[in-house]
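Below you'll find the structure, written out as structure tokens, and then a few comments.
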Amino acid sequence: FLSSSSSSNDEVNSSKTLLERVNIKGYQIGKTKVFLWAGQMAELDPRRIEVLGRSASIIQRKPVLIWAAKVSSY
């Protein structure tokens, strides 16, 4: 059983790691929110769109592969 402070600490560490990986500086992490300076969200948006696009491609690929396997077995 994880305590809520342990879970919260994991989320804070994950947020810090993500922001450092994308080279965002000057952020502040509150109890429930991450505060960014003006323009920093604009830096993150293209990266978010890229990740979502890749994820969608991976998700869509799986049913196509299953369908192709079924069709080829007939």
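All residue names refer to the structure tokens as shown: chains lettered A, B, ... in order, residues numbered from 1 in each chain, ligands numbered from 1 in order.
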Excluding region 30-36 of chain A and any residue of its chain fewer than 6 positions from it, enumerate the residues within 10 Å of it, using only C-alpha atoms, and give them as JSON, numbers by chain.
-> {"A": [8, 9, 11, 12, 15, 16, 19, 24]}
Emit the selected residues as a PDB file, in the first residue's frame, including all heavy atoms.
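Once everything was written out, this is again22.pdb:
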```pdb
ATOM      1  N   SER A   8       2.561  11.135  -4.533  1.00  0.00           N
ATOM      2  CA  SER A   8       2.721  12.532  -4.915  1.00  0.00           C
ATOM      3  C   SER A   8       4.183  12.832  -5.238  1.00  0.00           C
ATOM      4  O   SER A   8       4.483  13.538  -6.191  1.00  0.00           O
ATOM      5  CB  SER A   8       2.230  13.437  -3.795  1.00  0.00           C
ATOM      6  OG  SER A   8       2.476  14.782  -4.107  1.00  0.00           O
ATOM      7  N   ASN A   9       5.093  12.272  -4.446  1.00  0.00           N
ATOM      8  CA  ASN A   9       6.516  12.483  -4.667  1.00  0.00           C
ATOM      9  C   ASN A   9       6.947  11.886  -6.011  1.00  0.00           C
ATOM     10  O   ASN A   9       7.761  12.472  -6.722  1.00  0.00           O
ATOM     11  CB  ASN A   9       7.325  11.869  -3.517  1.00  0.00           C
ATOM     12  CG  ASN A   9       8.755  12.346  -3.491  1.00  0.00           C
ATOM     13  OD1 ASN A   9       9.065  13.425  -3.976  1.00  0.00           O
ATOM     14  ND2 ASN A   9       9.624  11.533  -2.941  1.00  0.00           N
ATOM     15  N   GLU A  11       5.062  11.612  -8.656  1.00  0.00           N
ATOM     16  CA  GLU A  11       4.540  12.500  -9.693  1.00  0.00           C
ATOM     17  C   GLU A  11       5.407  13.746  -9.838  1.00  0.00           C
ATOM     18  O   GLU A  11       5.666  14.207 -10.944  1.00  0.00           O
ATOM     19  CB  GLU A  11       3.098  12.881  -9.383  1.00  0.00           C
ATOM     20  CG  GLU A  11       2.146  11.710  -9.514  1.00  0.00           C
ATOM     21  CD  GLU A  11       0.755  12.022  -8.999  1.00  0.00           C
ATOM     22  OE1 GLU A  11       0.526  13.140  -8.509  1.00  0.00           O
ATOM     23  OE2 GLU A  11      -0.100  11.130  -9.102  1.00  0.00           O
ATOM     24  N   VAL A  12       5.881  14.280  -8.712  1.00  0.00           N
ATOM     25  CA  VAL A  12       6.751  15.455  -8.748  1.00  0.00           C
ATOM     26  C   VAL A  12       8.065  15.106  -9.435  1.00  0.00           C
ATOM     27  O   VAL A  12       8.542  15.837 -10.310  1.00  0.00           O
ATOM     28  CB  VAL A  12       6.997  16.006  -7.319  1.00  0.00           C
ATOM     29  CG1 VAL A  12       8.099  17.049  -7.319  1.00  0.00           C
ATOM     30  CG2 VAL A  12       5.719  16.595  -6.751  1.00  0.00           C
ATOM     31  N   SER A  15       7.533  14.721 -13.140  1.00  0.00           N
ATOM     32  CA  SER A  15       7.373  16.029 -13.781  1.00  0.00           C
ATOM     33  C   SER A  15       8.723  16.716 -13.951  1.00  0.00           C
ATOM     34  O   SER A  15       9.017  17.271 -15.016  1.00  0.00           O
ATOM     35  CB  SER A  15       6.439  16.919 -12.966  1.00  0.00           C
ATOM     36  OG  SER A  15       5.159  16.360 -12.900  1.00  0.00           O
ATOM     37  N   LYS A  16       9.535  16.668 -12.913  1.00  0.00           N
ATOM     38  CA  LYS A  16      10.873  17.279 -12.988  1.00  0.00           C
ATOM     39  C   LYS A  16      11.708  16.624 -14.075  1.00  0.00           C
ATOM     40  O   LYS A  16      12.363  17.306 -14.867  1.00  0.00           O
ATOM     41  CB  LYS A  16      11.589  17.149 -11.644  1.00  0.00           C
ATOM     42  CG  LYS A  16      11.106  18.094 -10.593  1.00  0.00           C
ATOM     43  CD  LYS A  16      11.891  17.899  -9.308  1.00  0.00           C
ATOM     44  CE  LYS A  16      11.372  18.804  -8.195  1.00  0.00           C
ATOM     45  NZ  LYS A  16      12.114  18.596  -6.932  1.00  0.00           N
ATOM     46  N   LEU A  19      10.448  17.699 -17.575  1.00  0.00           N
ATOM     47  CA  LEU A  19      10.792  19.083 -17.901  1.00  0.00           C
ATOM     48  C   LEU A  19      12.288  19.255 -18.138  1.00  0.00           C
ATOM     49  O   LEU A  19      12.702  20.028 -19.000  1.00  0.00           O
ATOM     50  CB  LEU A  19      10.304  20.016 -16.788  1.00  0.00           C
ATOM     51  CG  LEU A  19       8.782  20.144 -16.708  1.00  0.00           C
ATOM     52  CD1 LEU A  19       8.377  20.846 -15.417  1.00  0.00           C
ATOM     53  CD2 LEU A  19       8.235  20.876 -17.910  1.00  0.00           C
ATOM     54  N   ILE A  24      13.377  22.536 -20.259  1.00  0.00           N
ATOM     55  CA  ILE A  24      12.569  23.661 -19.775  1.00  0.00           C
ATOM     56  C   ILE A  24      13.165  24.112 -18.445  1.00  0.00           C
ATOM     57  O   ILE A  24      13.357  23.312 -17.536  1.00  0.00           O
ATOM     58  CB  ILE A  24      11.097  23.259 -19.583  1.00  0.00           C
ATOM     59  CG1 ILE A  24      10.477  22.826 -20.915  1.00  0.00           C
ATOM     60  CG2 ILE A  24      10.292  24.383 -18.945  1.00  0.00           C
ATOM     61  CD1 ILE A  24      10.275  23.930 -21.914  1.00  0.00           C
TER      62      ILE A  24
END
```
Please return as a ChimeraX atom specification: the residues of chain A that backbone DSSP assigns to alpha helix (DSSP H).
-> /A:4-21,40-72
So which bits of region 14-70 of chain A end up strand (DSSP E or B) when you DSSP the backbone, as a compact mmCIF listing (two decimals) with all heavy atoms, in the first residue's frame?
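File produced: part-v7.txt:
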```txt
# COMPACT_ATOMS: atom_id res chain seq x y z
N GLN A 28 8.04 26.00 -11.77
CA GLN A 28 7.79 25.78 -10.36
C GLN A 28 6.73 24.70 -10.23
O GLN A 28 5.76 24.68 -10.97
CB GLN A 28 7.30 27.06 -9.67
CG GLN A 28 8.37 28.11 -9.53
CD GLN A 28 7.87 29.30 -8.74
OE1 GLN A 28 6.68 29.48 -8.55
NE2 GLN A 28 8.80 30.13 -8.29
N ILE A 29 6.93 23.80 -9.29
CA ILE A 29 5.98 22.72 -9.07
C ILE A 29 5.28 22.97 -7.75
O ILE A 29 5.92 23.06 -6.70
CB ILE A 29 6.68 21.35 -9.08
CG1 ILE A 29 7.32 21.11 -10.45
CG2 ILE A 29 5.70 20.25 -8.73
CD1 ILE A 29 8.03 19.80 -10.60
N VAL A 34 1.91 22.40 -12.19
CA VAL A 34 3.24 22.82 -12.62
C VAL A 34 3.07 24.20 -13.24
O VAL A 34 2.23 24.40 -14.12
CB VAL A 34 3.83 21.84 -13.66
CG1 VAL A 34 5.17 22.35 -14.17
CG2 VAL A 34 3.97 20.46 -13.06
N PHE A 35 3.84 25.16 -12.76
CA PHE A 35 3.74 26.54 -13.24
C PHE A 35 4.90 26.80 -14.19
O PHE A 35 6.06 26.57 -13.86
CB PHE A 35 3.79 27.52 -12.06
CG PHE A 35 2.64 27.34 -11.12
CD1 PHE A 35 2.77 26.53 -9.99
CD2 PHE A 35 1.43 27.96 -11.35
CE1 PHE A 35 1.70 26.37 -9.12
CE2 PHE A 35 0.36 27.80 -10.49
CZ PHE A 35 0.50 27.00 -9.37
```
Atom-to-atom span, CA of Trp67 (chain A) and CA of Arg48 (chain A), Å =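 Between CA of Trp67 (chain A) and CA of Arg48 (chain A) the gap is 29.4 Å.
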Would you work out the distance separating CA of Val22 (chain A) from CA of Leu44 (chain A), expressed in Å to one decimal?
->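 Between these atoms lies a distance of 8.0 Å.
Counting from CA of Trp37 (chain A), the distance to CA of Lys25 (chain A) is 8.9 Å.
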Measuring atom to atom with only C-alpha atoms, identify which of A:Met41, A:Ser7, A:Ser73, A:Arg47 is nearest to Arg21 (chain A).
->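 Nearest to Arg21 (chain A): A:Arg47.
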